[in-house]
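Right, one structure below, let's go through it.
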Amino acid sequence: MKIGIGYDVHRLVEGRLLLLGGVEIPYRLGLDGHSDADVLVHAVMDALLGAAGAGDIGMFFPDSDPRYRGVSSLLLLRQVIEHLHGLGWSVGNVDTVIVAQAPKLATYREQMRQNLAREMGVDIRQVSVKATTTEGLGFAGRGEGIAAQAVAIIQKDML
């Protein structure tokens with residue numbers, strides 16, 4: 001088994017959808033980025049790639065490549081999983097935390113877990129999504145952005 005960690009942050013702006021874990025969250029602001037800017041999925045992808053020693057999402061999906069403009073991060077996660085399978089790895093489990101002062105995310109967590117589990121081809125019990133605030137401190141506390149962290153364990157496929 002191997003373990004990896006991922007982290008991502010995006011600025012909150014007007015005129016964009018707020019997508020977290022592939023779930024559209026009703027909010028007056030959305031995350032700015034080249035793709036759909038889903039920080040949760042980005043952190044998960046980096047954790048998985050890091051665990052495999054296979055680089056990071058910037059190497060696989062550079063923001064200089066117009067093919068990834070506005071692309072669904074869940075679609076990119078599917079490609080990361082295919083790459084890991086090609087290297088002989090499968091997902092053991094993924095644990096995540098979203099850092100946001102607002103909006104409240106508790107009612108969306110289960111759908112985020114379902115989306116991540118589906119794209120990774122694992123049981124929902126292998127995926128954890130948590131959310132926390134920063135008690136008003138820092139960029140997240142001021143409502144300037146949202147961050148996400150993920151830890152992933154991968155294991156060699158037993159074929």
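Naming works like this for the structure tokens: A, B, ... for the chains as they're shown, residue 1 at the start of each chain, ligands 1 onward in shown order.
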Contact residues around segment 26-31 of chain A with only C-alpha atoms at 10 Å, ignoring same-chain residues under 3 positions, as an MDAnalysis selection string: chainID A and resid 9:20 23 34:39 102:104 143:146
Give the helix (DSSP H, G or I) residues of chain A, as assigned by DSSP on the backbone, as a count of residues only. 56
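Pairwise distance (atom CA of Ala106 of chain A, atom CA of Ser128 of chain A) equals 12.5 Å.
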Which polymer residues have any atom within 10 Å of an atom of Leu40 of chain A, counting only C-alpha atoms, with same-chain residues fewer than 6 positions away left out, as a PDB file with N, CA and C atoms, in the first residue's frame?
ATOM      1  N   GLY A   6      -3.254  15.349  -1.093  1.00  0.00           N
ATOM      2  CA  GLY A   6      -3.576  16.347  -2.101  1.00  0.00           C
ATOM      3  C   GLY A   6      -4.162  17.587  -1.462  1.00  0.00           C
ATOM      4  N   TYR A   7      -3.925  18.723  -2.093  1.00  0.00           N
ATOM      5  CA  TYR A   7      -4.443  20.004  -1.605  1.00  0.00           C
ATOM      6  C   TYR A   7      -4.751  20.872  -2.809  1.00  0.00           C
ATOM      7  N   ASP A   8      -5.867  21.589  -2.736  1.00  0.00           N
ATOM      8  CA  ASP A   8      -6.190  22.542  -3.794  1.00  0.00           C
ATOM      9  C   ASP A   8      -6.971  23.696  -3.192  1.00  0.00           C
ATOM     10  N   VAL A   9      -6.882  24.835  -3.850  1.00  0.00           N
ATOM     11  CA  VAL A   9      -7.608  26.031  -3.435  1.00  0.00           C
ATOM     12  C   VAL A   9      -7.967  26.826  -4.681  1.00  0.00           C
ATOM     13  N   LEU A  19     -19.133  24.095  -7.751  1.00  0.00           N
ATOM     14  CA  LEU A  19     -19.144  22.640  -7.830  1.00  0.00           C
ATOM     15  C   LEU A  19     -18.158  22.092  -6.817  1.00  0.00           C
ATOM     16  N   LEU A  20     -18.640  21.176  -5.991  1.00  0.00           N
ATOM     17  CA  LEU A  20     -17.784  20.493  -5.020  1.00  0.00           C
ATOM     18  C   LEU A  20     -18.129  19.014  -5.047  1.00  0.00           C
ATOM     19  N   GLY A  21     -17.151  18.190  -5.326  1.00  0.00           N
ATOM     20  CA  GLY A  21     -17.411  16.761  -5.422  1.00  0.00           C
ATOM     21  C   GLY A  21     -18.409  16.429  -6.510  1.00  0.00           C
ATOM     22  N   GLY A  22     -18.455  17.265  -7.542  1.00  0.00           N
ATOM     23  CA  GLY A  22     -19.378  17.053  -8.649  1.00  0.00           C
ATOM     24  C   GLY A  22     -20.809  17.466  -8.351  1.00  0.00           C
ATOM     25  N   SER A  73     -14.346  18.007 -13.600  1.00  0.00           N
ATOM     26  CA  SER A  73     -13.283  17.383 -12.819  1.00  0.00           C
ATOM     27  C   SER A  73     -13.562  15.909 -12.569  1.00  0.00           C
ATOM     28  N   THR A  96     -11.277  13.106   2.919  1.00  0.00           N
ATOM     29  CA  THR A  96     -11.165  14.496   2.469  1.00  0.00           C
ATOM     30  C   THR A  96     -11.749  15.461   3.480  1.00  0.00           C
ATOM     31  N   VAL A  97     -11.345  16.717   3.346  1.00  0.00           N
ATOM     32  CA  VAL A  97     -11.949  17.802   4.116  1.00  0.00           C
ATOM     33  C   VAL A  97     -12.012  19.038   3.222  1.00  0.00           C
ATOM     34  N   ILE A  98     -13.167  19.682   3.219  1.00  0.00           N
ATOM     35  CA  ILE A  98     -13.369  20.942   2.503  1.00  0.00           C
ATOM     36  C   ILE A  98     -13.295  22.062   3.539  1.00  0.00           C
ATOM     37  N   VAL A  99     -12.552  23.120   3.229  1.00  0.00           N
ATOM     38  CA  VAL A  99     -12.397  24.254   4.134  1.00  0.00           C
ATOM     39  C   VAL A  99     -13.104  25.448   3.517  1.00  0.00           C
ATOM     40  N   MET A 112     -21.674  14.039  -2.664  1.00  0.00           N
ATOM     41  CA  MET A 112     -20.258  14.141  -3.022  1.00  0.00           C
ATOM     42  C   MET A 112     -19.581  12.786  -2.861  1.00  0.00           C
ATOM     43  N   LEU A 116     -17.818  10.660  -5.909  1.00  0.00           N
ATOM     44  CA  LEU A 116     -16.407  10.253  -5.868  1.00  0.00           C
ATOM     45  C   LEU A 116     -16.278   8.737  -5.915  1.00  0.00           C
ATOM     46  N   VAL A 129     -16.055  12.444   3.167  1.00  0.00           N
ATOM     47  CA  VAL A 129     -16.056  13.877   2.852  1.00  0.00           C
ATOM     48  C   VAL A 129     -16.490  14.617   4.106  1.00  0.00           C
ATOM     49  N   ILE A 146     -12.164  28.707  -1.388  1.00  0.00           N
ATOM     50  CA  ILE A 146     -12.428  27.421  -0.747  1.00  0.00           C
ATOM     51  C   ILE A 146     -11.231  26.516  -1.010  1.00  0.00           C
ATOM     52  N   ALA A 147     -10.846  25.760   0.008  1.00  0.00           N
ATOM     53  CA  ALA A 147      -9.733  24.820  -0.110  1.00  0.00           C
ATOM     54  C   ALA A 147     -10.241  23.412   0.183  1.00  0.00           C
ATOM     55  N   ALA A 148      -9.481  22.437  -0.260  1.00  0.00           N
ATOM     56  CA  ALA A 148      -9.782  21.039   0.060  1.00  0.00           C
ATOM     57  C   ALA A 148      -8.475  20.277   0.226  1.00  0.00           C
ATOM     58  N   GLN A 149      -8.507  19.326   1.132  1.00  0.00           N
ATOM     59  CA  GLN A 149      -7.385  18.430   1.359  1.00  0.00           C
ATOM     60  C   GLN A 149      -7.889  17.005   1.227  1.00  0.00           C
ATOM     61  N   ALA A 150      -7.015  16.127   0.765  1.00  0.00           N
ATOM     62  CA  ALA A 150      -7.381  14.716   0.624  1.00  0.00           C
ATOM     63  C   ALA A 150      -6.173  13.845   0.949  1.00  0.00           C
TER      64      ALA A 150
END
DSSP says strand (DSSP E) for which residues of segment 18-140 of chain A? Put them as a PyMOL selection string? chain A and resi 18-20+23-25+30-31+89-99+127-132
Extract, using only C-alpha atoms, all DNA, RNA and protein residues at most 10 Å from segment 58-62 of chain A, discarding same-chain residues fewer than 6 positions from it, and format them as an MDAnalysis selection string. chainID A and resid 34:35 42 46 49 68:69 76 79:80
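In this comparison, which uses only C-alpha atoms, the residue of A:Lys130, A:His85, A:Arg125, A:Arg109 approaching Glu24 of chain A most closely is A:Arg109.
Rounded to one decimal, atom CA of Val41 of chain A and atom CA of Leu74 of chain A lie 6.8 Å from each other.
Of the listed residues A:Thr107, A:Ala52, A:Asp65, A:Glu82, the one whose atoms come nearest to Ile25 of chain A is A:Thr107, with distances taken using only C-alpha atoms.
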Of A:Asp32, A:Glu110, A:Asp95, A:Asp63, the one nearest to Gly4 of chain A when counting only C-alpha atoms is A:Asp95
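Using only C-alpha atoms, the shortest contact distance between Ser64 of chain A and any of A:Val151, A:Ala140, A:Gly33, A:Thr133 is found at A:Gly33.
With only C-alpha atoms as the atoms that count, the minimum distance from Ala54 of chain A to the choices A:Pro66, A:Gly86, A:Gly121, A:Gly138 is reached by A:Gly86.
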